[in-house]
$ cat protein.csv   # CSV, C-alpha atoms and all ligand atoms
chain,number,residue,atom,x,y,z
A,1,MET,CA,-171.6,64.4,-7.3
A,2,MET,CA,-174.5,61.8,-7.3
A,3,ILE,CA,-174.4,58.1,-7.7
A,4,ARG,CA,-177.3,56.3,-9.2
A,5,ARG,CA,-178.3,53.3,-11.2
A,6,GLU,CA,-177.8,53.2,-15.0
A,7,THR,CA,-181.0,54.0,-16.9
A,8,ALA,CA,-181.8,53.3,-20.6
A,9,GLY,CA,-180.8,56.8,-21.7
A,10,ASP,CA,-177.3,56.5,-20.2
A,11,VAL,CA,-175.9,53.9,-22.6
A,12,ALA,CA,-174.1,56.3,-25.0
A,13,ALA,CA,-172.7,58.4,-22.2
A,14,ILE,CA,-171.4,55.4,-20.4
A,15,ARG,CA,-169.6,54.2,-23.6
A,16,THR,CA,-168.0,57.7,-23.8
A,17,VAL,CA,-166.9,57.7,-20.2
A,18,VAL,CA,-165.5,54.1,-20.3
A,19,GLY,CA,-163.8,54.9,-23.6
A,20,ALA,CA,-162.1,58.0,-22.3
A,21,ALA,CA,-161.1,56.3,-19.0
A,22,PHE,CA,-159.3,53.4,-20.8
A,23,ALA,CA,-158.1,55.3,-23.9
A,24,ARG,CA,-154.5,55.6,-22.6
A,25,GLN,CA,-154.3,51.8,-22.6
A,26,VAL,CA,-154.8,51.4,-26.4
A,27,GLU,CA,-153.6,53.0,-29.6
A,28,PRO,CA,-155.2,56.3,-30.6
A,29,ASP,CA,-158.5,55.9,-32.6
A,30,ARG,CA,-159.0,52.3,-31.3
A,31,LEU,CA,-162.0,51.6,-29.2
A,32,PRO,CA,-160.9,50.4,-25.7
A,33,ALA,CA,-161.9,46.7,-25.1
A,34,GLU,CA,-163.7,47.8,-22.0
A,35,VAL,CA,-166.3,49.6,-24.1
A,36,ILE,CA,-167.1,46.4,-26.0
A,37,LEU,CA,-167.1,44.5,-22.7
A,38,VAL,CA,-169.8,46.6,-21.2
A,39,ASP,CA,-171.9,46.4,-24.3
A,40,GLU,CA,-171.6,42.6,-24.4
A,41,LEU,CA,-172.3,42.2,-20.7
A,42,ARG,CA,-175.4,44.4,-20.9
A,43,ALA,CA,-176.7,42.2,-23.7
A,44,GLY,CA,-176.0,38.9,-21.8
A,45,ALA,CA,-177.3,36.8,-19.0
A,46,ALA,CA,-174.7,38.0,-16.5
A,47,TRP,CA,-176.1,41.5,-16.4
A,48,ILE,CA,-177.6,42.7,-13.1
A,49,PRO,CA,-179.4,46.1,-13.6
A,50,ALA,CA,-179.1,47.1,-10.0
A,51,LEU,CA,-175.3,46.9,-10.1
A,52,SER,CA,-174.5,49.2,-13.1
A,53,LEU,CA,-174.0,52.5,-11.4
A,54,VAL,CA,-173.1,56.0,-12.7
A,55,ALA,CA,-171.6,59.1,-11.1
A,56,THR,CA,-172.9,62.4,-12.3
A,57,ASN,CA,-171.4,65.9,-11.7
A,58,ALA,CA,-173.2,69.1,-10.9
A,59,ALA,CA,-174.2,69.6,-14.6
A,60,ASP,CA,-175.7,66.1,-14.5
A,61,ASP,CA,-173.1,64.7,-16.9
A,62,ILE,CA,-172.0,61.1,-16.4
A,63,VAL,CA,-168.4,61.2,-15.2
A,64,GLY,CA,-167.9,57.7,-13.9
A,65,HIS,CA,-169.2,54.2,-14.1
A,66,VAL,CA,-168.9,50.9,-12.3
A,67,LEU,CA,-170.3,47.5,-13.0
A,68,CYS,CA,-170.7,44.2,-11.2
A,69,THR,CA,-172.0,41.2,-13.2
A,70,ARG,CA,-172.7,37.5,-12.4
A,71,ALA,CA,-169.7,35.3,-11.9
A,72,THR,CA,-169.2,32.0,-10.1
A,73,VAL,CA,-166.9,30.5,-7.5
A,74,GLY,CA,-167.3,26.8,-8.1
A,75,ALA,CA,-171.0,26.5,-8.5
A,76,ALA,CA,-171.9,29.4,-6.2
A,77,PRO,CA,-173.1,32.7,-7.7
A,78,VAL,CA,-170.8,35.7,-6.9
A,79,LEU,CA,-170.0,39.0,-8.5
A,80,ALA,CA,-167.2,40.2,-10.9
A,81,LEU,CA,-166.4,43.9,-10.6
A,82,ALA,CA,-165.3,45.4,-13.8
A,83,PRO,CA,-164.8,47.8,-15.4
A,84,LEU,CA,-164.5,50.9,-13.1
A,85,GLY,CA,-163.8,54.0,-15.1
A,86,VAL,CA,-163.7,57.8,-14.4
A,87,ARG,CA,-163.6,60.5,-17.0
A,88,PRO,CA,-160.0,61.7,-17.1
A,89,ASP,CA,-160.9,65.3,-16.3
A,90,HIS,CA,-162.7,64.1,-13.1
A,91,GLN,CA,-160.1,61.6,-11.8
A,92,ARG,CA,-158.5,61.9,-8.4
A,93,ARG,CA,-161.5,63.8,-7.0
A,94,GLY,CA,-163.1,60.9,-5.1
A,95,VAL,CA,-165.4,59.7,-7.9
A,96,GLY,CA,-163.8,56.2,-8.0
A,97,HIS,CA,-164.1,55.9,-4.2
A,98,ALA,CA,-167.7,56.9,-4.3
A,99,LEU,CA,-168.6,54.4,-7.0
A,100,MET,CA,-166.7,51.6,-5.3
A,101,HIS,CA,-168.4,52.2,-1.9
A,102,ALA,CA,-171.8,52.5,-3.6
A,103,VAL,CA,-171.6,49.3,-5.6
A,104,LEU,CA,-170.2,47.3,-2.7
A,105,GLY,CA,-173.0,48.6,-0.5
A,106,ALA,CA,-175.6,47.7,-3.1
A,107,ALA,CA,-174.1,44.2,-3.6
A,108,ASP,CA,-174.2,43.7,0.2
A,109,ALA,CA,-177.8,44.8,0.4
A,110,LEU,CA,-178.6,42.3,-2.3
A,111,ASP,CA,-177.2,39.5,-0.1
A,112,GLU,CA,-174.3,38.8,-2.6
A,113,PRO,CA,-171.6,36.9,-0.8
A,114,LEU,CA,-168.4,37.9,-2.6
A,115,VAL,CA,-166.9,40.2,-5.2
A,116,GLY,CA,-163.8,39.4,-7.3
A,117,LEU,CA,-161.8,41.7,-9.5
A,118,LEU,CA,-158.5,42.1,-11.3
A,119,GLY,CA,-156.7,45.3,-10.5
A,120,ASP,CA,-154.0,47.1,-8.6
A,121,PRO,CA,-153.9,45.9,-4.9
A,122,VAL,CA,-152.7,49.3,-3.8
A,123,TYR,CA,-156.0,50.9,-5.0
A,124,TYR,CA,-158.4,48.1,-4.1
A,125,SER,CA,-157.1,47.2,-0.7
A,126,ARG,CA,-158.7,50.3,0.8
A,127,PHE,CA,-162.1,48.8,-0.1
A,128,GLY,CA,-161.4,45.6,1.7
A,129,PHE,CA,-160.2,43.6,-1.2
A,130,ARG,CA,-157.4,41.0,-0.5
A,131,PRO,CA,-155.3,39.0,-3.0
A,132,ALA,CA,-157.0,35.6,-3.5
A,133,ASP,CA,-153.6,33.9,-3.3
A,134,GLU,CA,-153.3,34.9,0.3
A,135,GLY,CA,-155.9,32.3,1.2
A,136,GLY,CA,-159.6,32.2,1.8
A,137,GLY,CA,-160.4,29.4,-0.7
A,138,VAL,CA,-161.0,31.4,-3.9
A,139,ILE,CA,-158.7,30.4,-6.8
A,140,ALA,CA,-158.0,33.0,-9.5
A,141,PRO,CA,-159.1,32.2,-13.1
A,142,GLN,CA,-155.4,32.4,-14.1
A,143,PRO,CA,-152.6,31.7,-11.5
A,144,ALA,CA,-150.3,34.3,-13.3
A,145,TRP,CA,-152.5,37.1,-12.1
A,146,GLY,CA,-151.0,36.7,-8.6
A,147,ALA,CA,-151.9,39.4,-6.1
A,148,HIS,CA,-153.8,41.4,-8.8
A,149,PHE,CA,-156.8,39.0,-8.6
A,150,GLN,CA,-158.5,40.1,-5.4
A,151,VAL,CA,-161.7,39.2,-3.5
A,152,ARG,CA,-163.9,41.0,-1.0
A,153,THR,CA,-166.3,39.0,1.0
A,154,LEU,CA,-169.6,40.6,2.0
A,155,THR,CA,-171.9,40.0,5.0
A,156,ALA,CA,-174.3,37.5,3.6
A,157,GLY,CA,-174.8,34.6,5.9
A,158,GLY,CA,-173.5,31.1,5.3
A,159,PRO,CA,-170.0,29.9,4.4
A,160,SER,CA,-168.0,31.9,2.0
A,161,PRO,CA,-167.8,30.3,-1.5
A,162,ARG,CA,-164.7,28.3,-2.2
A,163,GLY,CA,-163.3,27.1,-5.5
A,164,ARG,CA,-162.2,28.6,-8.9
A,165,PHE,CA,-163.6,32.0,-9.8
A,166,SER,CA,-165.1,32.2,-13.3
A,167,TYR,CA,-165.9,35.4,-15.1
A,168,PRO,CA,-168.9,35.8,-17.4
A,169,GLU,CA,-168.1,34.7,-21.0
A,170,ALA,CA,-167.7,38.2,-22.3
A,171,PHE,CA,-164.5,38.6,-20.4
A,172,ASP,CA,-162.9,35.8,-22.4
A,173,ARG,CA,-162.7,38.2,-25.4
A,174,LEU,CA,-160.8,40.8,-23.5
B,1,LIG,C1,-158.6,54.1,-11.3
B,1,LIG,C2,-159.7,55.1,-11.3
B,1,LIG,C3,-161.0,54.4,-11.5
B,1,LIG,C4,-159.7,55.8,-9.9
B,1,LIG,O1,-160.8,56.7,-9.9
B,1,LIG,P1,-160.5,58.2,-9.3
B,1,LIG,O2,-161.9,58.9,-9.3
B,1,LIG,O3,-159.5,58.9,-10.1
B,1,LIG,O4,-160.0,57.9,-7.9
B,1,LIG,P2,-160.3,58.6,-6.5
B,1,LIG,O5,-160.3,60.1,-6.7
B,1,LIG,O6,-161.5,58.0,-5.9
B,1,LIG,O7,-159.1,58.2,-5.7
B,1,LIG,C5,-157.8,58.7,-5.9
B,1,LIG,C6,-156.8,57.9,-5.2
B,1,LIG,O8,-156.8,56.6,-5.7
B,1,LIG,C7,-155.5,56.2,-6.0
B,1,LIG,N1,-155.4,55.9,-7.4
B,1,LIG,C8,-156.0,56.4,-8.4
B,1,LIG,N2,-155.7,55.8,-9.5
B,1,LIG,C9,-154.9,54.8,-9.2
B,1,LIG,C10,-154.2,53.8,-9.9
B,1,LIG,N3,-154.3,53.7,-11.3
B,1,LIG,N4,-153.4,52.9,-9.3
B,1,LIG,C11,-153.3,53.0,-7.9
B,1,LIG,N5,-153.9,54.0,-7.2
B,1,LIG,C12,-154.7,54.8,-7.8
B,1,LIG,C13,-154.5,57.2,-5.5
B,1,LIG,O9,-154.2,56.9,-4.1
B,1,LIG,C14,-155.4,58.5,-5.5
B,1,LIG,O10,-155.1,59.3,-4.5
B,1,LIG,P3,-154.1,60.5,-4.8
B,1,LIG,O11,-154.7,61.4,-5.8
B,1,LIG,O12,-154.0,61.2,-3.4
B,1,LIG,O13,-152.8,59.9,-5.2
B,1,LIG,C15,-159.5,56.2,-12.4
B,1,LIG,O14,-158.3,56.8,-12.3
B,1,LIG,C16,-159.7,55.6,-13.8
B,1,LIG,O15,-160.7,55.6,-14.4
B,1,LIG,N6,-158.5,55.1,-14.4
B,1,LIG,C17,-158.5,54.6,-15.7
B,1,LIG,C18,-159.2,53.3,-15.9
B,1,LIG,C19,-158.7,52.3,-14.9
B,1,LIG,O16,-157.5,52.0,-14.8
B,1,LIG,N7,-159.6,51.6,-14.2
B,1,LIG,C20,-159.3,50.6,-13.2
B,1,LIG,C21,-159.2,49.3,-13.8
B,1,LIG,S1,-158.6,48.1,-12.6
$ encode --input "protein.csv" --output "structure tokens"
Amino acid sequence: MMIRRETAGDVAAIRTVVGAAFARQVEPDRLPAEVILVDELRAGAAWIPALSLVATNAADDIVGHVLCTRATVGAAPVLALAPLGVRPDHQRRGVGHALMHAVLGAADALDEPLVGLLGDPVYYSRFGFRPADEGGGVIAPQPAWGAHFQVRTLTAGGPSPRGRFSYPEAFDRL
């Protein structure tokens, strides 16, 4: 497996992988909302080219994708991590782990201070994410998300951002 940045020729394959990863969560023949989300984010101001990563297999097929885009905590720029998707026939082989470690390392290298996401705490706690409602000063966009809204602080200097987390506008249509 290899992890690398998305290139211009990868767009269709990423749509296929994201669509397959999230297909179980919608009715058959309907395009998962995450496919549209990635398209809209790529076309918008929140897009950060260095933080759209793909995983490829030995045949050089794209089998996983992860994305961080520009979000805010209060007025401070931070990152939103979503979506993370792995092709169903490649799940539970470490692709998700590799993508998570790669994108967090890349974000840290870019001096980003913090990453927020909505997801299962059982899965994301192993990457250092903690529920925002346990303290730390970040307020979830929606209180009802409870422990599923999680944050991971990175090593950038300065005080960690505090305030309400806001996703890029494209997430409002999810
Ligand atoms: C969730 C997902 C990204 C994980 O990627 P992956 O490559 O399958 O995961 P890895 O092989 O790196 O890690 C596997 C481990 O993660 C955990 N795990 C995987 N999927 C999980 C899930 N949905 N919930 C909780 N834990 C999960 C398990 O502990 C698993 O270990 P096990 O096989 O020993 O039980 C992938 O299953 C996927 O694309 N799912 C559909 C889309 C989705 O739900 N994305 C996340 C949105 S928050």
$ residues_around --input "protein.csv" --residues "Leu117 (chain A)" --least-positions-apart "3" --cutoff "12 Å" --atoms "all atoms listed in the file" --output "PyMOL selection string"
chain A and resi 66-69+71+78-84+100+114+120-121+123-125+127-132+138+140-141+145-153+165-167+171
$ closest_atom_pairs --input "protein.csv" --of "chain A" --to "ligand LIG 1 (chain B)" --cutoff "7 Å" --atoms "all atoms listed in the file" --output "tab-separated table"
residue	atom	partner	partner_atom	distance
A:Ala21	CA	B:LIG1	C17	4.5
A:Phe22	CA	B:LIG1	C18	4.9
A:Pro83	CA	B:LIG1	C21	6.0
A:Leu84	CA	B:LIG1	N7	5.1
A:Gly85	CA	B:LIG1	O15	3.6
A:Val86	CA	B:LIG1	O15	3.7
A:Arg87	CA	B:LIG1	O15	6.3
A:Pro88	CA	B:LIG1	O15	6.7
A:His90	CA	B:LIG1	O2	6.5
A:Gln91	CA	B:LIG1	O3	3.2
A:Arg92	CA	B:LIG1	O5	3.1
A:Arg93	CA	B:LIG1	O5	3.9
A:Gly94	CA	B:LIG1	O5	3.3
A:Val95	CA	B:LIG1	O2	3.9
A:Gly96	CA	B:LIG1	O2	3.5
A:His97	CA	B:LIG1	O6	3.7
A:Ala98	CA	B:LIG1	O6	6.5
A:Leu118	CA	B:LIG1	S1	6.1
A:Gly119	CA	B:LIG1	S1	4.0
A:Asp120	CA	B:LIG1	N4	5.9
A:Val122	CA	B:LIG1	C11	5.6
A:Tyr123	CA	B:LIG1	N5	4.3
$ atom_distance --input "protein.csv" --atom1 "CA of Pro168 (chain A)" --atom2 "CA of Ala46 (chain A)"
6.3 Å
$ residues_near_point --input "protein.csv" --point "(-169.4, 42.4, 8.9)" --cutoff "12 Å" --atoms "all atoms listed in the file" --output "short mmCIF file (atom, residue, chain, number, x, y, z; two decimals) with C-alpha atoms, keeping the file's coordinate frame"
data_model
loop_
_atom_site.label_atom_id
_atom_site.label_comp_id
_atom_site.auth_asym_id
_atom_site.auth_seq_id
_atom_site.Cartn_x
_atom_site.Cartn_y
_atom_site.Cartn_z
CA GLY A 105 -173.00 48.60 -0.50
CA ASP A 108 -174.20 43.70 0.20
CA PRO A 113 -171.60 36.90 -0.80
CA GLY A 128 -161.40 45.60 1.70
CA ARG A 152 -163.90 41.00 -1.00
CA THR A 153 -166.30 39.00 1.00
CA LEU A 154 -169.60 40.60 2.00
CA THR A 155 -171.90 40.00 5.00
CA ALA A 156 -174.30 37.50 3.60
CA GLY A 157 -174.80 34.60 5.90
#
$ atom_distance --input "protein.csv" --atom1 "CA of Pro161 (chain A)" --atom2 "CA of Leu104 (chain A)"
17.2 Å
$ closest_residue --input "protein.csv" --among "A:Ile62, A:Leu31, A:Val115, A:Ala106" --to "Ala76 (chain A)" --atoms "only C-alpha atoms"
A:Val115
$ atom_distance --input "protein.csv" --atom1 "CA of Ala75 (chain A)" --atom2 "CA of Ser160 (chain A)"
12.2 Å
$ closest_residue --input "protein.csv" --among "A:Ala59, A:Val103, A:Ala8, A:Ala170" --to "Ile36 (chain A)" --atoms "only C-alpha atoms"
A:Ala170
$ residues_around --input "protein.csv" --residues "Ala45 (chain A)" --least-positions-apart "3" --cutoff "10 Å" --atoms "only C-alpha atoms" --output "PyMOL selection string"
chain A and resi 40-42+48+69-70+168-169
$ residues_around --input "protein.csv" --residues "Asp29 (chain A)" --least-positions-apart "5" --cutoff "12 Å" --atoms "all atoms listed in the file" --output "PDB file with C-alpha atoms, keeping the file's coordinate frame"
ATOM      1  CA  GLY A  19    -163.800  54.900 -23.600  1.00  0.00           C
ATOM      2  CA  ALA A  20    -162.100  58.000 -22.300  1.00  0.00           C
ATOM      3  CA  ALA A  23    -158.100  55.300 -23.900  1.00  0.00           C
ATOM      4  CA  ARG A  24    -154.500  55.600 -22.600  1.00  0.00           C
TER       5      ARG A  24
END
$ closest_residue --input "protein.csv" --among "A:Ala33, A:Val18, A:Leu174, A:Ala144" --to "Val54 (chain A)" --atoms "all atoms listed in the file"
A:Val18
$ build_atoms --input "protein.csv" --residues "region 139-173 of chain A" --atoms "N, CA and C atoms" --output "mmCIF file, in the frame of the given file"
data_model
loop_
_atom_site.group_PDB
_atom_site.id
_atom_site.type_symbol
_atom_site.label_atom_id
_atom_site.label_comp_id
_atom_site.auth_asym_id
_atom_site.auth_seq_id
_atom_site.Cartn_x
_atom_site.Cartn_y
_atom_site.Cartn_z
ATOM 1 N N ILE A 139 -159.875 30.581 -5.897
ATOM 2 C CA ILE A 139 -158.700 30.400 -6.800
ATOM 3 C C ILE A 139 -158.938 31.304 -8.013
ATOM 4 N N ALA A 140 -157.898 32.058 -8.357
ATOM 5 C CA ALA A 140 -158.000 33.000 -9.500
ATOM 6 C C ALA A 140 -158.224 32.232 -10.787
ATOM 7 N N PRO A 141 -158.890 32.873 -11.772
ATOM 8 C CA PRO A 141 -159.100 32.200 -13.100
ATOM 9 C C PRO A 141 -157.742 31.865 -13.715
ATOM 10 N N GLN A 142 -156.728 32.722 -13.501
ATOM 11 C CA GLN A 142 -155.400 32.400 -14.100
ATOM 12 C C GLN A 142 -154.365 32.639 -12.945
ATOM 13 N N PRO A 143 -153.561 31.617 -12.622
ATOM 14 C CA PRO A 143 -152.600 31.700 -11.500
ATOM 15 C C PRO A 143 -151.608 32.880 -11.759
ATOM 16 N N ALA A 144 -151.316 33.205 -13.025
ATOM 17 C CA ALA A 144 -150.300 34.300 -13.300
ATOM 18 C C ALA A 144 -150.797 35.636 -12.847
ATOM 19 N N TRP A 145 -152.063 35.793 -12.530
ATOM 20 C CA TRP A 145 -152.500 37.100 -12.100
ATOM 21 C C TRP A 145 -152.036 37.444 -10.674
ATOM 22 N N GLY A 146 -151.601 36.448 -9.934
ATOM 23 C CA GLY A 146 -151.000 36.700 -8.600
ATOM 24 C C GLY A 146 -151.852 37.570 -7.746
ATOM 25 N N ALA A 147 -151.195 38.560 -7.099
ATOM 26 C CA ALA A 147 -151.900 39.400 -6.100
ATOM 27 C C ALA A 147 -152.868 40.380 -6.793
ATOM 28 N N HIS A 148 -152.866 40.455 -8.134
ATOM 29 C CA HIS A 148 -153.800 41.400 -8.800
ATOM 30 C C HIS A 148 -155.224 40.820 -8.849
ATOM 31 N N PHE A 149 -155.392 39.526 -8.672
ATOM 32 C CA PHE A 149 -156.800 39.000 -8.600
ATOM 33 C C PHE A 149 -157.158 39.027 -7.106
ATOM 34 N N GLN A 150 -158.172 39.811 -6.810
ATOM 35 C CA GLN A 150 -158.500 40.100 -5.400
ATOM 36 C C GLN A 150 -160.010 39.769 -5.161
ATOM 37 N N VAL A 151 -160.312 39.449 -3.906
ATOM 38 C CA VAL A 151 -161.700 39.200 -3.500
ATOM 39 C C VAL A 151 -162.057 39.998 -2.288
ATOM 40 N N ARG A 152 -163.320 40.325 -2.206
ATOM 41 C CA ARG A 152 -163.900 41.000 -1.000
ATOM 42 C C ARG A 152 -165.120 40.202 -0.641
ATOM 43 N N THR A 153 -165.147 39.670 0.588
ATOM 44 C CA THR A 153 -166.300 39.000 1.000
ATOM 45 C C THR A 153 -167.313 39.996 1.617
ATOM 46 N N LEU A 154 -168.591 39.735 1.439
ATOM 47 C CA LEU A 154 -169.600 40.600 2.000
ATOM 48 C C LEU A 154 -170.276 39.923 3.159
ATOM 49 N N THR A 155 -171.362 40.490 3.659
ATOM 50 C CA THR A 155 -171.900 40.000 5.000
ATOM 51 C C THR A 155 -172.951 38.968 4.876
ATOM 52 N N ALA A 156 -173.295 38.503 3.681
ATOM 53 C CA ALA A 156 -174.300 37.500 3.600
ATOM 54 C C ALA A 156 -174.016 36.284 4.441
ATOM 55 N N GLY A 157 -175.037 35.719 5.052
ATOM 56 C CA GLY A 157 -174.800 34.600 5.900
ATOM 57 C C GLY A 157 -174.361 33.344 5.161
ATOM 58 N N GLY A 158 -173.907 32.365 5.902
ATOM 59 C CA GLY A 158 -173.500 31.100 5.300
ATOM 60 C C GLY A 158 -171.995 31.124 4.997
ATOM 61 N N PRO A 159 -171.452 29.954 4.686
ATOM 62 C CA PRO A 159 -170.000 29.900 4.400
ATOM 63 C C PRO A 159 -169.629 30.601 3.156
ATOM 64 N N SER A 160 -168.447 31.200 3.162
ATOM 65 C CA SER A 160 -168.000 31.900 2.000
ATOM 66 C C SER A 160 -167.685 30.906 0.863
ATOM 67 N N PRO A 161 -168.072 31.227 -0.383
ATOM 68 C CA PRO A 161 -167.800 30.300 -1.500
ATOM 69 C C PRO A 161 -166.354 29.954 -1.641
ATOM 70 N N ARG A 162 -166.071 28.725 -2.001
ATOM 71 C CA ARG A 162 -164.700 28.300 -2.200
ATOM 72 C C ARG A 162 -164.610 27.576 -3.553
ATOM 73 N N GLY A 163 -163.506 27.779 -4.246
ATOM 74 C CA GLY A 163 -163.300 27.100 -5.500
ATOM 75 C C GLY A 163 -162.757 28.140 -6.545
ATOM 76 N N ARG A 164 -162.783 27.735 -7.816
ATOM 77 C CA ARG A 164 -162.200 28.600 -8.900
ATOM 78 C C ARG A 164 -163.232 29.678 -9.266
ATOM 79 N N PHE A 165 -162.727 30.887 -9.417
ATOM 80 C CA PHE A 165 -163.600 32.000 -9.800
ATOM 81 C C PHE A 165 -163.671 32.004 -11.357
ATOM 82 N N SER A 166 -164.897 32.127 -11.857
ATOM 83 C CA SER A 166 -165.100 32.200 -13.300
ATOM 84 C C SER A 166 -165.875 33.459 -13.669
ATOM 85 N N TYR A 167 -165.291 34.224 -14.589
ATOM 86 C CA TYR A 167 -165.900 35.400 -15.100
ATOM 87 C C TYR A 167 -167.030 35.086 -16.093
ATOM 88 N N PRO A 168 -167.982 36.019 -16.324
ATOM 89 C CA PRO A 168 -168.900 35.800 -17.400
ATOM 90 C C PRO A 168 -168.150 35.689 -18.754
ATOM 91 N N GLU A 169 -168.774 35.021 -19.716
ATOM 92 C CA GLU A 169 -168.100 34.700 -21.000
ATOM 93 C C GLU A 169 -167.530 35.903 -21.702
ATOM 94 N N ALA A 170 -168.195 37.043 -21.602
ATOM 95 C CA ALA A 170 -167.700 38.200 -22.300
ATOM 96 C C ALA A 170 -166.290 38.602 -21.972
ATOM 97 N N PHE A 171 -165.857 38.272 -20.769
ATOM 98 C CA PHE A 171 -164.500 38.600 -20.400
ATOM 99 C C PHE A 171 -163.454 37.764 -21.121
ATOM 100 N N ASP A 172 -163.863 36.619 -21.668
ATOM 101 C CA ASP A 172 -162.900 35.800 -22.400
ATOM 102 C C ASP A 172 -162.373 36.491 -23.630
ATOM 103 N N ARG A 173 -163.132 37.468 -24.141
ATOM 104 C CA ARG A 173 -162.700 38.200 -25.400
ATOM 105 C C ARG A 173 -161.885 39.404 -25.083
#
